[in-house]
$ cat target_16.cif   # mmCIF, C-alpha atoms
data_work
loop_
_atom_site.label_atom_id
_atom_site.label_comp_id
_atom_site.auth_asym_id
_atom_site.auth_seq_id
_atom_site.Cartn_x
_atom_site.Cartn_y
_atom_site.Cartn_z
CA MET Y 26 9.82 -105.75 52.92
CA THR Y 27 9.76 -107.84 56.06
CA GLY Y 28 6.88 -110.09 55.03
CA ALA Y 29 5.14 -109.42 58.35
CA ARG Y 30 1.41 -110.03 58.49
CA ARG Y 31 -0.45 -106.71 58.10
CA ASP Y 32 -4.05 -105.89 57.13
CA GLY Y 33 -4.85 -109.60 57.47
CA VAL Y 34 -2.76 -110.57 54.45
CA GLU Y 35 0.57 -112.36 54.45
CA GLY Y 36 3.10 -110.12 52.72
CA CYS Y 37 0.84 -107.12 52.07
CA ALA Y 38 0.79 -103.87 53.99
CA GLN Y 39 -2.00 -101.46 54.71
CA PRO Y 40 -3.18 -99.54 51.63
CA GLY Y 41 -0.74 -96.73 50.99
CA ARG Y 42 2.00 -98.42 53.06
CA ALA Y 43 3.06 -101.20 50.71
CA TYR Y 44 6.77 -100.46 50.62
CA ASP Y 45 7.73 -99.57 54.19
CA ASP Y 46 11.03 -101.17 55.22
CA GLY Y 47 12.42 -98.11 56.99
CA THR Y 48 15.02 -97.01 54.42
CA ARG Y 49 15.13 -93.51 52.91
CA ARG Y 50 14.90 -94.97 49.42
CA THR Y 51 11.73 -96.77 50.39
CA GLU Y 52 10.28 -93.60 51.95
CA VAL Y 53 10.73 -91.92 48.58
CA LEU Y 54 9.12 -94.89 46.85
CA GLU Y 55 6.20 -94.74 49.28
CA THR Y 56 5.74 -91.05 48.54
CA ALA Y 57 5.77 -91.73 44.80
CA ALA Y 58 3.21 -94.52 45.18
CA SER Y 59 0.92 -92.28 47.21
CA LEU Y 60 1.14 -89.46 44.65
CA ILE Y 61 0.45 -91.75 41.70
CA ALA Y 62 -2.48 -93.26 43.59
CA THR Y 63 -4.06 -89.82 43.99
CA SER Y 64 -2.82 -87.87 40.96
CA GLY Y 65 -2.23 -90.53 38.29
CA LEU Y 66 0.82 -91.31 36.22
CA ARG Y 67 1.39 -87.76 35.10
CA THR Y 68 3.04 -87.28 38.47
CA SER Y 69 6.53 -85.96 37.73
CA MET Y 70 9.85 -86.58 39.44
CA HIS Y 71 9.74 -82.94 40.58
CA ASP Y 72 6.33 -83.58 42.20
CA ILE Y 73 7.71 -86.63 43.98
CA ALA Y 74 10.80 -84.78 45.20
CA ASP Y 75 8.67 -81.92 46.54
CA ALA Y 76 6.36 -84.30 48.38
CA ALA Y 77 9.33 -86.22 49.79
CA GLY Y 78 10.96 -83.00 51.00
CA ILE Y 79 14.13 -83.40 48.94
CA GLN Y 80 15.72 -81.73 45.94
CA THR Y 81 14.91 -83.19 42.54
CA GLY Y 82 18.61 -83.91 42.06
CA SER Y 83 18.66 -85.93 45.27
CA LEU Y 84 15.75 -87.99 44.02
CA TYR Y 85 17.90 -89.09 41.08
CA HIS Y 86 20.42 -90.53 43.57
CA HIS Y 87 17.74 -93.04 44.53
CA PHE Y 88 16.20 -93.64 41.08
CA GLU Y 89 17.98 -92.75 37.86
CA SER Y 90 14.71 -92.08 36.05
CA LYS Y 91 10.95 -92.14 36.48
CA GLU Y 92 10.93 -95.45 34.58
CA ALA Y 93 13.34 -96.93 37.13
CA LEU Y 94 11.04 -95.83 39.94
CA LEU Y 95 8.01 -97.37 38.20
CA VAL Y 96 9.92 -100.63 37.70
CA GLU Y 97 10.63 -100.78 41.43
CA LEU Y 98 6.95 -100.22 42.24
CA LEU Y 99 6.04 -103.08 39.93
CA ARG Y 100 8.78 -105.38 41.22
CA ARG Y 101 7.66 -105.00 44.83
CA TYR Y 102 4.03 -105.47 43.83
CA HIS Y 103 4.86 -108.78 42.14
CA ASP Y 104 6.99 -109.83 45.11
CA ASP Y 105 4.00 -109.29 47.41
CA LEU Y 106 1.67 -111.18 45.06
CA ASP Y 107 4.12 -114.09 45.10
CA ARG Y 108 4.02 -114.07 48.89
CA VAL Y 109 0.22 -114.16 48.81
CA ALA Y 110 0.42 -117.16 46.46
CA ASP Y 111 2.91 -118.99 48.70
CA HIS Y 112 0.68 -118.45 51.74
CA ALA Y 113 -2.38 -119.78 49.85
CA LEU Y 114 -0.56 -122.91 48.68
CA GLN Y 115 0.66 -123.59 52.24
CA ALA Y 116 -2.94 -123.29 53.44
CA LEU Y 117 -4.01 -125.95 50.93
CA ASP Y 118 -1.55 -128.38 52.54
CA ASP Y 119 -3.17 -127.90 55.94
CA PRO Y 120 -5.18 -131.08 56.63
CA SER Y 121 -7.67 -129.12 58.73
CA SER Y 122 -8.59 -126.80 55.85
CA ARG Y 123 -11.90 -127.37 54.09
CA PRO Y 124 -11.97 -126.61 50.34
CA GLY Y 125 -14.81 -124.46 49.10
CA PHE Y 126 -16.05 -120.90 49.31
CA ALA Y 127 -14.03 -119.94 52.41
CA GLN Y 128 -10.69 -120.87 50.84
CA ILE Y 129 -11.52 -119.16 47.53
CA ALA Y 130 -12.74 -116.01 49.28
CA THR Y 131 -9.70 -115.90 51.57
CA LEU Y 132 -7.27 -116.00 48.64
CA SER Y 133 -9.39 -113.55 46.64
CA THR Y 134 -9.44 -111.11 49.53
CA ALA Y 135 -5.66 -111.39 49.92
CA ILE Y 136 -5.19 -110.56 46.23
CA ALA Y 137 -7.61 -107.62 46.45
CA GLN Y 138 -5.93 -106.23 49.56
CA CYS Y 139 -2.53 -106.54 47.88
CA ALA Y 140 -3.93 -104.66 44.88
CA VAL Y 141 -5.19 -101.85 47.09
CA ALA Y 142 -1.86 -101.66 48.88
CA HIS Y 143 -0.13 -101.42 45.49
CA ARG Y 144 -2.61 -99.13 43.74
CA ALA Y 145 0.14 -97.28 41.88
CA ALA Y 146 1.48 -100.54 40.45
CA ILE Y 147 -2.05 -101.58 39.47
CA GLN Y 148 -2.43 -98.26 37.65
CA ILE Y 149 0.78 -98.89 35.72
CA SER Y 150 0.16 -102.53 34.85
CA MET Y 151 -3.53 -102.50 33.94
CA TYR Y 152 -3.40 -99.78 31.34
CA GLU Y 153 -1.20 -98.94 28.37
CA THR Y 154 2.54 -99.50 28.67
CA PRO Y 155 3.76 -95.99 29.53
CA SER Y 156 7.24 -96.14 28.01
CA ALA Y 157 9.48 -97.70 25.40
CA ASN Y 158 11.83 -98.71 28.23
CA PRO Y 159 12.34 -102.50 27.74
CA GLU Y 160 12.52 -103.32 31.44
CA LEU Y 161 9.38 -101.35 32.20
CA ILE Y 162 7.56 -103.02 29.32
CA LYS Y 163 8.62 -106.43 30.69
CA TRP Y 164 7.23 -105.65 34.14
CA THR Y 165 3.98 -104.12 32.91
CA GLN Y 166 3.33 -107.19 30.77
CA GLN Y 167 4.28 -109.72 33.43
CA ARG Y 168 1.42 -111.97 34.42
CA PRO Y 169 1.01 -112.84 38.13
CA ALA Y 170 1.83 -116.48 37.44
CA ALA Y 171 2.19 -117.61 41.05
CA VAL Y 172 -1.15 -116.17 42.14
CA LEU Y 173 -2.88 -117.59 39.06
CA GLU Y 174 -1.52 -121.04 39.92
CA ALA Y 175 -2.49 -120.68 43.57
CA MET Y 176 -6.04 -119.74 42.58
CA TYR Y 177 -6.21 -122.64 40.13
CA GLN Y 178 -5.10 -125.11 42.81
CA THR Y 179 -7.60 -123.62 45.26
CA LEU Y 180 -10.39 -124.06 42.71
CA ARG Y 181 -9.22 -127.63 42.00
CA ALA Y 182 -9.47 -128.40 45.69
CA GLY Y 183 -12.97 -126.92 45.62
CA ARG Y 184 -13.94 -129.18 42.74
CA TRP Y 185 -12.48 -132.26 44.46
CA GLY Y 186 -14.56 -131.33 47.49
CA GLY Y 187 -17.70 -131.22 45.35
CA TYR Y 188 -18.10 -127.42 45.56
CA ILE Y 189 -17.47 -126.36 41.92
CA ARG Y 190 -19.30 -127.72 38.89
CA SER Y 191 -17.43 -130.19 36.69
CA ASP Y 192 -18.20 -128.32 33.43
CA VAL Y 193 -16.38 -125.12 34.42
CA ASP Y 194 -12.93 -124.44 32.95
CA LEU Y 195 -10.86 -123.85 36.08
CA ARG Y 196 -7.95 -122.15 34.30
CA ILE Y 197 -10.30 -119.57 32.79
CA LEU Y 198 -12.11 -119.14 36.09
CA ALA Y 199 -8.84 -118.67 38.00
CA ASP Y 200 -7.76 -116.00 35.52
CA ARG Y 201 -11.13 -114.27 35.76
CA ILE Y 202 -11.13 -114.24 39.57
CA CYS Y 203 -7.54 -112.99 39.82
CA GLN Y 204 -8.07 -110.18 37.31
CA THR Y 205 -11.30 -109.18 39.04
CA MET Y 206 -9.60 -109.01 42.44
CA LEU Y 207 -6.68 -106.98 41.07
CA GLN Y 208 -9.16 -104.48 39.65
CA VAL Y 209 -10.32 -103.85 43.22
CA GLY Y 210 -7.12 -101.79 43.46
CA LEU Y 211 -8.87 -99.22 41.27
CA ASP Y 212 -11.53 -97.43 43.27
CA VAL Y 213 -14.20 -97.78 40.59
CA LEU Y 214 -15.01 -101.21 42.06
CA ARG Y 215 -14.27 -100.56 45.73
CA HIS Y 216 -15.37 -96.91 46.05
CA ASN Y 217 -15.92 -96.30 49.80
CA ALA Y 218 -16.44 -99.94 50.72
CA ALA Y 219 -14.02 -102.09 52.71
CA THR Y 220 -11.74 -104.19 50.50
CA ASP Y 221 -12.61 -107.50 52.15
CA ARG Y 222 -16.34 -106.86 51.77
CA VAL Y 223 -15.99 -106.10 48.06
CA ALA Y 224 -13.79 -109.14 47.46
CA THR Y 225 -16.17 -111.43 49.34
CA LEU Y 226 -19.18 -110.07 47.45
CA LEU Y 227 -17.46 -110.54 44.10
CA CYS Y 228 -16.64 -114.15 45.08
CA ARG Y 229 -20.20 -114.72 46.21
CA ILE Y 230 -21.57 -113.50 42.87
CA MET Y 231 -19.16 -115.64 40.87
CA MET Y 232 -19.76 -118.73 43.00
CA GLU Y 233 -23.51 -118.45 43.70
CA GLY Y 234 -24.73 -116.22 40.85
CA LEU Y 235 -27.10 -113.28 41.01
CA ALA Y 236 -30.15 -115.17 39.71
CA ALA Y 237 -32.39 -116.83 42.27
CA ASN Y 238 -33.01 -119.57 39.68
CA GLN Y 239 -30.39 -120.74 37.19
CA PRO Y 240 -31.55 -119.60 33.72
CA SER Y 241 -30.44 -121.74 30.79
CA ASP Y 242 -28.53 -120.44 27.79
CA THR Y 243 -31.56 -121.10 25.60
CA GLU Y 244 -33.90 -119.11 27.84
CA LEU Y 245 -31.52 -116.16 28.02
CA SER Y 246 -30.75 -116.12 24.29
CA GLN Y 247 -34.45 -116.13 23.42
CA SER Y 248 -35.30 -113.13 25.60
CA ALA Y 249 -36.53 -109.90 24.03
CA ALA Y 250 -33.57 -108.09 25.60
CA PHE Y 251 -31.03 -110.44 24.01
CA ILE Y 252 -32.72 -110.20 20.60
CA ALA Y 253 -32.63 -106.38 20.88
CA ALA Y 254 -28.94 -106.49 21.84
CA ASP Y 255 -28.12 -108.80 18.95
CA ARG Y 256 -29.97 -106.54 16.50
CA ALA Y 257 -27.97 -103.52 17.69
CA ILE Y 258 -24.71 -105.48 17.46
CA GLN Y 259 -25.46 -106.55 13.88
CA SER Y 260 -25.95 -102.90 12.92
CA TRP Y 261 -22.36 -102.16 14.02
CA THR Y 262 -20.86 -104.53 11.49
CA ASN Y 263 -23.02 -103.18 8.69
CA GLU Y 264 -22.00 -99.57 9.18
CA ALA Y 265 -19.01 -98.09 7.36
CA GLU Y 266 -17.17 -94.85 7.92
CA PRO Y 267 -17.92 -92.17 5.31
CA ASP Y 268 -15.33 -91.99 2.56
CA ASP Y 269 -13.67 -88.71 3.44
CA LYS Y 270 -10.35 -87.45 4.78
CA ALA Y 271 -11.56 -87.06 8.37
CA ALA Y 272 -12.76 -90.67 8.44
CA HIS Y 273 -9.45 -91.81 6.93
CA ILE Y 274 -7.54 -89.92 9.63
CA ARG Y 275 -9.65 -91.53 12.36
CA ALA Y 276 -9.05 -95.00 10.94
CA VAL Y 277 -5.30 -94.41 10.72
CA ALA Y 278 -5.23 -92.91 14.22
CA ARG Y 279 -6.98 -95.97 15.68
CA ALA Y 280 -4.35 -98.21 14.15
CA GLU Y 281 -1.44 -96.00 15.23
CA PHE Y 282 -2.75 -95.62 18.78
CA GLY Y 283 -3.21 -99.39 18.95
CA ARG Y 284 0.30 -100.02 17.62
CA ARG Y 285 2.30 -97.30 19.38
CA GLY Y 286 0.10 -96.51 22.37
CA TYR Y 287 -1.68 -93.22 22.87
CA GLU Y 288 1.20 -91.39 24.53
CA GLY Y 289 3.75 -92.72 22.08
CA THR Y 290 1.83 -91.48 19.04
CA THR Y 291 2.09 -87.90 17.78
CA VAL Y 292 -0.08 -86.05 15.32
CA ARG Y 293 2.92 -86.08 12.95
CA ASP Y 294 2.99 -89.89 13.19
CA ILE Y 295 -0.69 -90.04 12.27
CA ALA Y 296 -0.27 -87.57 9.40
CA ALA Y 297 2.68 -89.54 8.00
CA ALA Y 298 0.80 -92.85 8.23
CA ALA Y 299 -2.25 -91.27 6.58
CA GLY Y 300 -0.15 -89.76 3.79
CA ILE Y 301 -1.39 -86.24 4.37
CA GLY Y 302 0.04 -83.02 5.72
CA HIS Y 303 0.46 -82.31 9.42
CA GLY Y 304 -1.58 -79.12 9.11
CA THR Y 305 -4.43 -80.94 7.39
CA VAL Y 306 -4.86 -83.21 10.40
CA PHE Y 307 -5.13 -80.22 12.71
CA ARG Y 308 -7.59 -78.50 10.37
CA LEU Y 309 -9.88 -81.52 9.98
CA ILE Y 310 -9.58 -83.13 13.42
CA GLY Y 311 -7.83 -80.77 15.81
CA SER Y 312 -5.44 -81.86 18.54
CA LYS Y 313 -4.54 -85.42 19.51
CA ASP Y 314 -6.87 -85.18 22.52
CA GLU Y 315 -9.73 -84.07 20.27
CA LEU Y 316 -8.99 -86.97 17.93
CA LEU Y 317 -9.08 -89.38 20.89
CA SER Y 318 -12.38 -87.89 22.01
CA THR Y 319 -13.87 -88.41 18.54
CA ILE Y 320 -12.73 -92.04 18.38
CA MET Y 321 -13.92 -92.83 21.90
CA GLY Y 322 -17.20 -91.01 21.24
CA THR Y 323 -17.92 -93.55 18.53
CA PHE Y 324 -17.12 -96.43 20.91
CA GLY Y 325 -19.37 -94.98 23.59
CA GLU Y 326 -22.20 -94.32 21.16
CA LYS Y 327 -22.26 -97.94 20.01
CA THR Y 328 -22.36 -99.43 23.51
CA GLU Y 329 -24.93 -96.87 24.67
CA GLU Y 330 -27.07 -97.53 21.60
CA GLY Y 331 -27.11 -101.24 22.37
CA SER Y 332 -27.79 -100.58 26.06
CA ARG Y 333 -30.78 -98.36 25.27
CA GLU Y 334 -32.34 -101.05 23.08
CA VAL Y 335 -31.86 -103.64 25.83
CA LEU Y 336 -33.33 -101.45 28.56
CA ARG Y 337 -36.38 -100.61 26.42
CA SER Y 338 -37.29 -104.27 26.09
CA THR Y 339 -39.97 -106.00 28.17
CA SER Y 340 -37.54 -108.57 29.57
CA SER Y 341 -36.78 -109.30 33.21
CA PRO Y 342 -33.91 -107.58 35.05
CA ILE Y 343 -31.80 -110.77 34.86
CA GLU Y 344 -32.40 -111.04 31.10
CA LYS Y 345 -31.49 -107.38 30.61
CA MET Y 346 -28.24 -107.74 32.54
CA ASP Y 347 -27.40 -110.77 30.42
CA ALA Y 348 -28.12 -108.86 27.20
CA LEU Y 349 -25.98 -105.94 28.37
CA SER Y 350 -23.11 -108.40 28.86
CA TRP Y 351 -23.55 -109.53 25.26
CA VAL Y 352 -23.33 -105.89 24.12
CA TYR Y 353 -20.09 -105.38 26.07
CA ILE Y 354 -18.53 -108.64 24.86
CA ASN Y 355 -19.18 -107.71 21.25
CA ALA Y 356 -18.06 -104.12 21.78
CA LEU Y 357 -14.73 -105.40 23.09
CA GLU Y 358 -14.40 -107.86 20.20
CA ARG Y 359 -15.53 -105.40 17.50
CA PHE Y 360 -13.83 -102.27 18.83
CA GLY Y 361 -10.66 -103.69 20.38
CA ASP Y 362 -8.50 -100.79 19.21
CA GLU Y 363 -10.91 -98.24 20.68
CA PHE Y 364 -11.02 -100.16 23.95
CA ARG Y 365 -7.23 -100.18 24.24
CA ILE Y 366 -7.14 -96.48 23.40
CA GLN Y 367 -9.63 -95.87 26.19
CA LEU Y 368 -7.33 -97.73 28.58
CA ALA Y 369 -4.49 -95.47 27.45
CA TRP Y 370 -6.57 -92.47 28.42
CA MET Y 371 -7.70 -94.09 31.68
CA ARG Y 372 -4.08 -94.67 32.66
CA GLN Y 373 -3.90 -90.98 33.48
CA ILE Y 374 -6.86 -91.20 35.87
CA PRO Y 375 -5.91 -91.59 39.53
CA PRO Y 376 -6.78 -95.03 40.95
CA ASN Y 377 -9.10 -93.36 43.46
CA ALA Y 378 -11.37 -92.06 40.68
CA THR Y 379 -14.86 -93.51 41.14
CA SER Y 380 -16.16 -92.71 37.63
CA PRO Y 381 -13.71 -93.79 34.92
CA SER Y 382 -15.82 -92.41 32.06
CA VAL Y 383 -18.60 -89.93 31.44
CA GLU Y 384 -21.00 -92.82 30.76
CA PHE Y 385 -20.25 -94.61 34.03
CA PRO Y 386 -22.67 -92.73 36.35
CA THR Y 387 -25.54 -93.46 33.94
CA ARG Y 388 -24.56 -97.12 33.70
CA LEU Y 389 -24.33 -97.34 37.50
CA LYS Y 390 -27.81 -95.86 37.87
CA GLN Y 391 -29.22 -98.31 35.30
CA ILE Y 392 -27.76 -101.35 37.04
CA LYS Y 393 -28.94 -100.17 40.47
CA THR Y 394 -32.45 -99.85 39.05
CA LEU Y 395 -32.33 -103.33 37.54
CA LEU Y 396 -31.05 -104.78 40.81
CA SER Y 397 -33.81 -103.10 42.81
CA GLN Y 398 -36.45 -104.39 40.40
CA GLY Y 399 -35.00 -107.90 40.43
CA ILE Y 400 -34.81 -108.05 44.22
CA GLN Y 401 -38.38 -106.81 44.51
CA MET Y 402 -39.54 -109.47 42.01
CA GLY Y 403 -37.56 -112.19 43.79
CA SER Y 404 -35.48 -113.02 40.69
CA ILE Y 405 -32.20 -111.86 42.28
CA GLY Y 406 -30.97 -114.02 45.12
CA ILE Y 407 -28.27 -111.71 46.53
CA ASP Y 408 -30.43 -109.14 48.27
CA ASP Y 409 -28.47 -108.34 51.43
CA ALA Y 410 -25.57 -106.31 49.97
CA PRO Y 411 -25.48 -102.50 49.72
CA LYS Y 412 -26.90 -101.54 46.30
CA GLU Y 413 -23.99 -99.26 45.38
CA MET Y 414 -21.43 -101.98 46.09
CA LEU Y 415 -23.49 -104.66 44.37
CA ALA Y 416 -24.02 -102.50 41.27
CA ARG Y 417 -20.31 -101.72 40.93
CA CYS Y 418 -19.47 -105.41 41.26
CA VAL Y 419 -22.05 -106.35 38.62
CA ILE Y 420 -20.68 -103.79 36.16
CA GLY Y 421 -17.16 -105.13 36.68
CA LEU Y 422 -18.29 -108.71 36.06
CA GLN Y 423 -20.27 -107.85 32.92
CA TRP Y 424 -16.99 -107.15 31.08
CA VAL Y 425 -14.97 -110.24 30.28
CA PRO Y 426 -11.16 -109.72 30.33
CA GLU Y 427 -9.79 -109.13 26.83
CA ASN Y 428 -7.32 -112.04 26.96
CA ILE Y 429 -10.11 -114.46 27.86
CA LEU Y 430 -12.29 -113.15 25.03
CA ARG Y 431 -9.39 -113.52 22.62
CA ASP Y 432 -8.69 -117.09 23.77
CA ILE Y 433 -12.21 -118.53 23.81
CA GLY Y 434 -14.26 -116.26 21.50
CA THR Y 435 -17.52 -114.36 21.93
CA SER Y 436 -19.95 -117.27 22.34
CA ALA Y 437 -17.90 -119.08 24.98
CA SER Y 438 -17.24 -115.74 26.71
CA LEU Y 439 -20.99 -115.17 26.97
CA VAL Y 440 -21.45 -118.58 28.63
CA HIS Y 441 -18.55 -117.75 30.97
CA VAL Y 442 -20.13 -114.44 31.98
CA ARG Y 443 -23.49 -116.13 32.50
CA ASP Y 444 -21.80 -118.69 34.75
CA THR Y 445 -19.83 -116.13 36.78
CA LEU Y 446 -22.50 -113.42 36.99
CA LEU Y 447 -25.94 -115.01 36.78
CA ARG Y 448 -25.78 -118.76 37.53
CA GLY Y 449 -22.66 -119.12 39.63
CA VAL Y 450 -20.08 -121.90 39.27
CA ALA Y 451 -20.86 -123.66 42.55
CA ALA Y 452 -22.30 -127.16 42.25
CA THR Y 453 -24.32 -126.84 45.42
CA PRO Y 454 -27.67 -125.00 45.27
CA ARG Y 455 -28.07 -121.61 46.92
#

$ encode --input "target_16.cif" --output "structure tokens"
Amino acid sequence: MTGARRDGVEGCAQPGRAYDDGTRRTEVLETAASLIATSGLRTSMHDIADAAGIQTGSLYHHFESKEALLVELLRRYHDDLDRVADHALQALDDPSSRPGFAQIATLSTAIAQCAVAHRAAIQISMYETPSANPELIKWTQQRPAAVLEAMYQTLRAGRWGGYIRSDVDLRILADRICQTMLQVGLDVLRHNAATDRVATLLCRIMMEGLAANQPSDTELSQSAAFIAADRAIQSWTNEAEPDDKAAHIRAVARAEFGRRGYEGTTVRDIAAAAGIGHGTVFRLIGSKDELLSTIMGTFGEKTEEGSREVLRSTSSPIEKMDALSWVYINALERFGDEFRIQLAWMRQIPPNATSPSVEFPTRLKQIKTLLSQGIQMGSIGIDDAPKEMLARCVIGLQWVPENILRDIGTSASLVHVRDTLLRGVAATPR
């Protein structure tokens, strides 16, 4: 990688051309990245060799295994992220630079463009670890420390300049912004929109907030929508699985999938952990895919049940979006195993998929309706963005990253989502 400036980002190439240094090995890597970005991680070494126009045996001269190839994709992705971080920190030292929205949006856009350029690496790192290979595990679990620090320092400069509120935890905010921008590498957020426009809109929402007026926590928590969401959430904790073999198998499977990963778990593993015969699992549940579908069906039913109750309420669009966030926060906290299993399944979806689940089109339609209603009522201040793009950004921001939820808990996560979705973290008024 030459580090030349391409696509407006220091160290990142055009999407699909993230690895081009002119060598044959890199041409093969570029081909692999392109295939994974369109076909998902089930892309085989044979598929890559065919697309590269070489024999499969020749491919192994460049990479001894598929895991070695994936490691190289991840290594180059992190190298480019480090270059983005270095460039951002150098910009902070420029005496002519003015801290605030422009600096935050510039770094955010650079991260998003790097993510799009490295869509295959994003696919590998955001979902379940695909192998027991220690080096691959290390790279998939590696946090983008340099970019996180660069974002934190950029936010600190914004606070010193009076742009960001003093009550906002900048470390949490930096993590949230970075993860959000990396998710732009998956087309569910970007879809057909330009990367820089999506990144800028996401920054605008997090800084300014959707709401035309800043609703308080008390006002939001007393809304009919929030009360309906809370009632639905309480019903989750009161429900128990029926006491039968099928329920026992599902419970064991959730634990095994969470511990071993979806791909690393076999039906025999589940049967052994459940203390029953292999054939009994097939008779009661079916295949591993059918078992996954049953587990994820339960997860989807709970979130959809809560969403329906929220949308039926008489609350305002802003209040309904807030209540939906509360449903999703609690779903992630209550059904963490199911959520991670869903990520394991999503890892096989190509990054250019625009609907990551069967429920997504319905959710997208619901949010677009709420946005239209809110804009018409004057309660939503961001009214000049395309509705499709705005709705996808809102859905992405309604889900708090799992590590943040784990670190600060459900109540603080709700306040964080309210700050970064509805109220904005900027100290200056809209």

$ resolve_selection --input "target_16.cif" --expression "the PyMOL selection byres ((chain Y and resi 163-172) around 10)" --output "ChimeraX atom specification"
/Y:95-100,102-104,106-111,113-114,132-133,136,146-156,158-162,173-178,199-200,203-204

$ atom_distance --input "target_16.cif" --atom1 "atom CA of Ala137 of chain Y" --atom2 "atom CA of Met70 of chain Y"
28.2 Å

$ atom_distance --input "target_16.cif" --atom1 "atom CA of Lys393 of chain Y" --atom2 "atom CA of Met346 of chain Y"
11.0 Å

$ resolve_selection --input "target_16.cif" --expression "the PyMOL selection byres ((chain Y and resi 419) around 9)" --output "list in words"
Leu227, Ile230, Leu235, Met346, Ile392, Met414, Leu415, Ala416, Arg417, Cys418, Ile420, Gly421, Leu422, Gln423 and Leu446 of chain Y

$ residues_around --input "target_16.cif" --residues "Ala219 of chain Y" --least-positions-apart "3" --cutoff "12 Å" --atoms "only C-alpha atoms" --output "list in words"
Asp32, Pro40, Thr134, Ala137, Gln138, Val141, Val209, Gly210, Asp212, Leu214, Arg215, His216, Arg222, Val223, Ala224, Thr225, Leu226, Pro411 and Met414 of chain Y

$ resolve_selection --input "target_16.cif" --expression "the PyMOL selection byres ((chain Y and resi 394) around 12)" --output "PyMOL selection string"
chain Y and resi 336+341-343+345-346+387-393+395-401+412-413+415-416

$ closest_residue --input "target_16.cif" --among "Y:Ile79, Y:Leu439, Y:Glu233, Y:Arg67" --to "Arg49 of chain Y" --atoms "only C-alpha atoms"
Y:Ile79

$ closest_residue --input "target_16.cif" --among "Y:Cys228, Y:Thr68, Y:Ile310, Y:Leu54" --to "Arg201 of chain Y" --atoms "all atoms listed in the file"
Y:Cys228
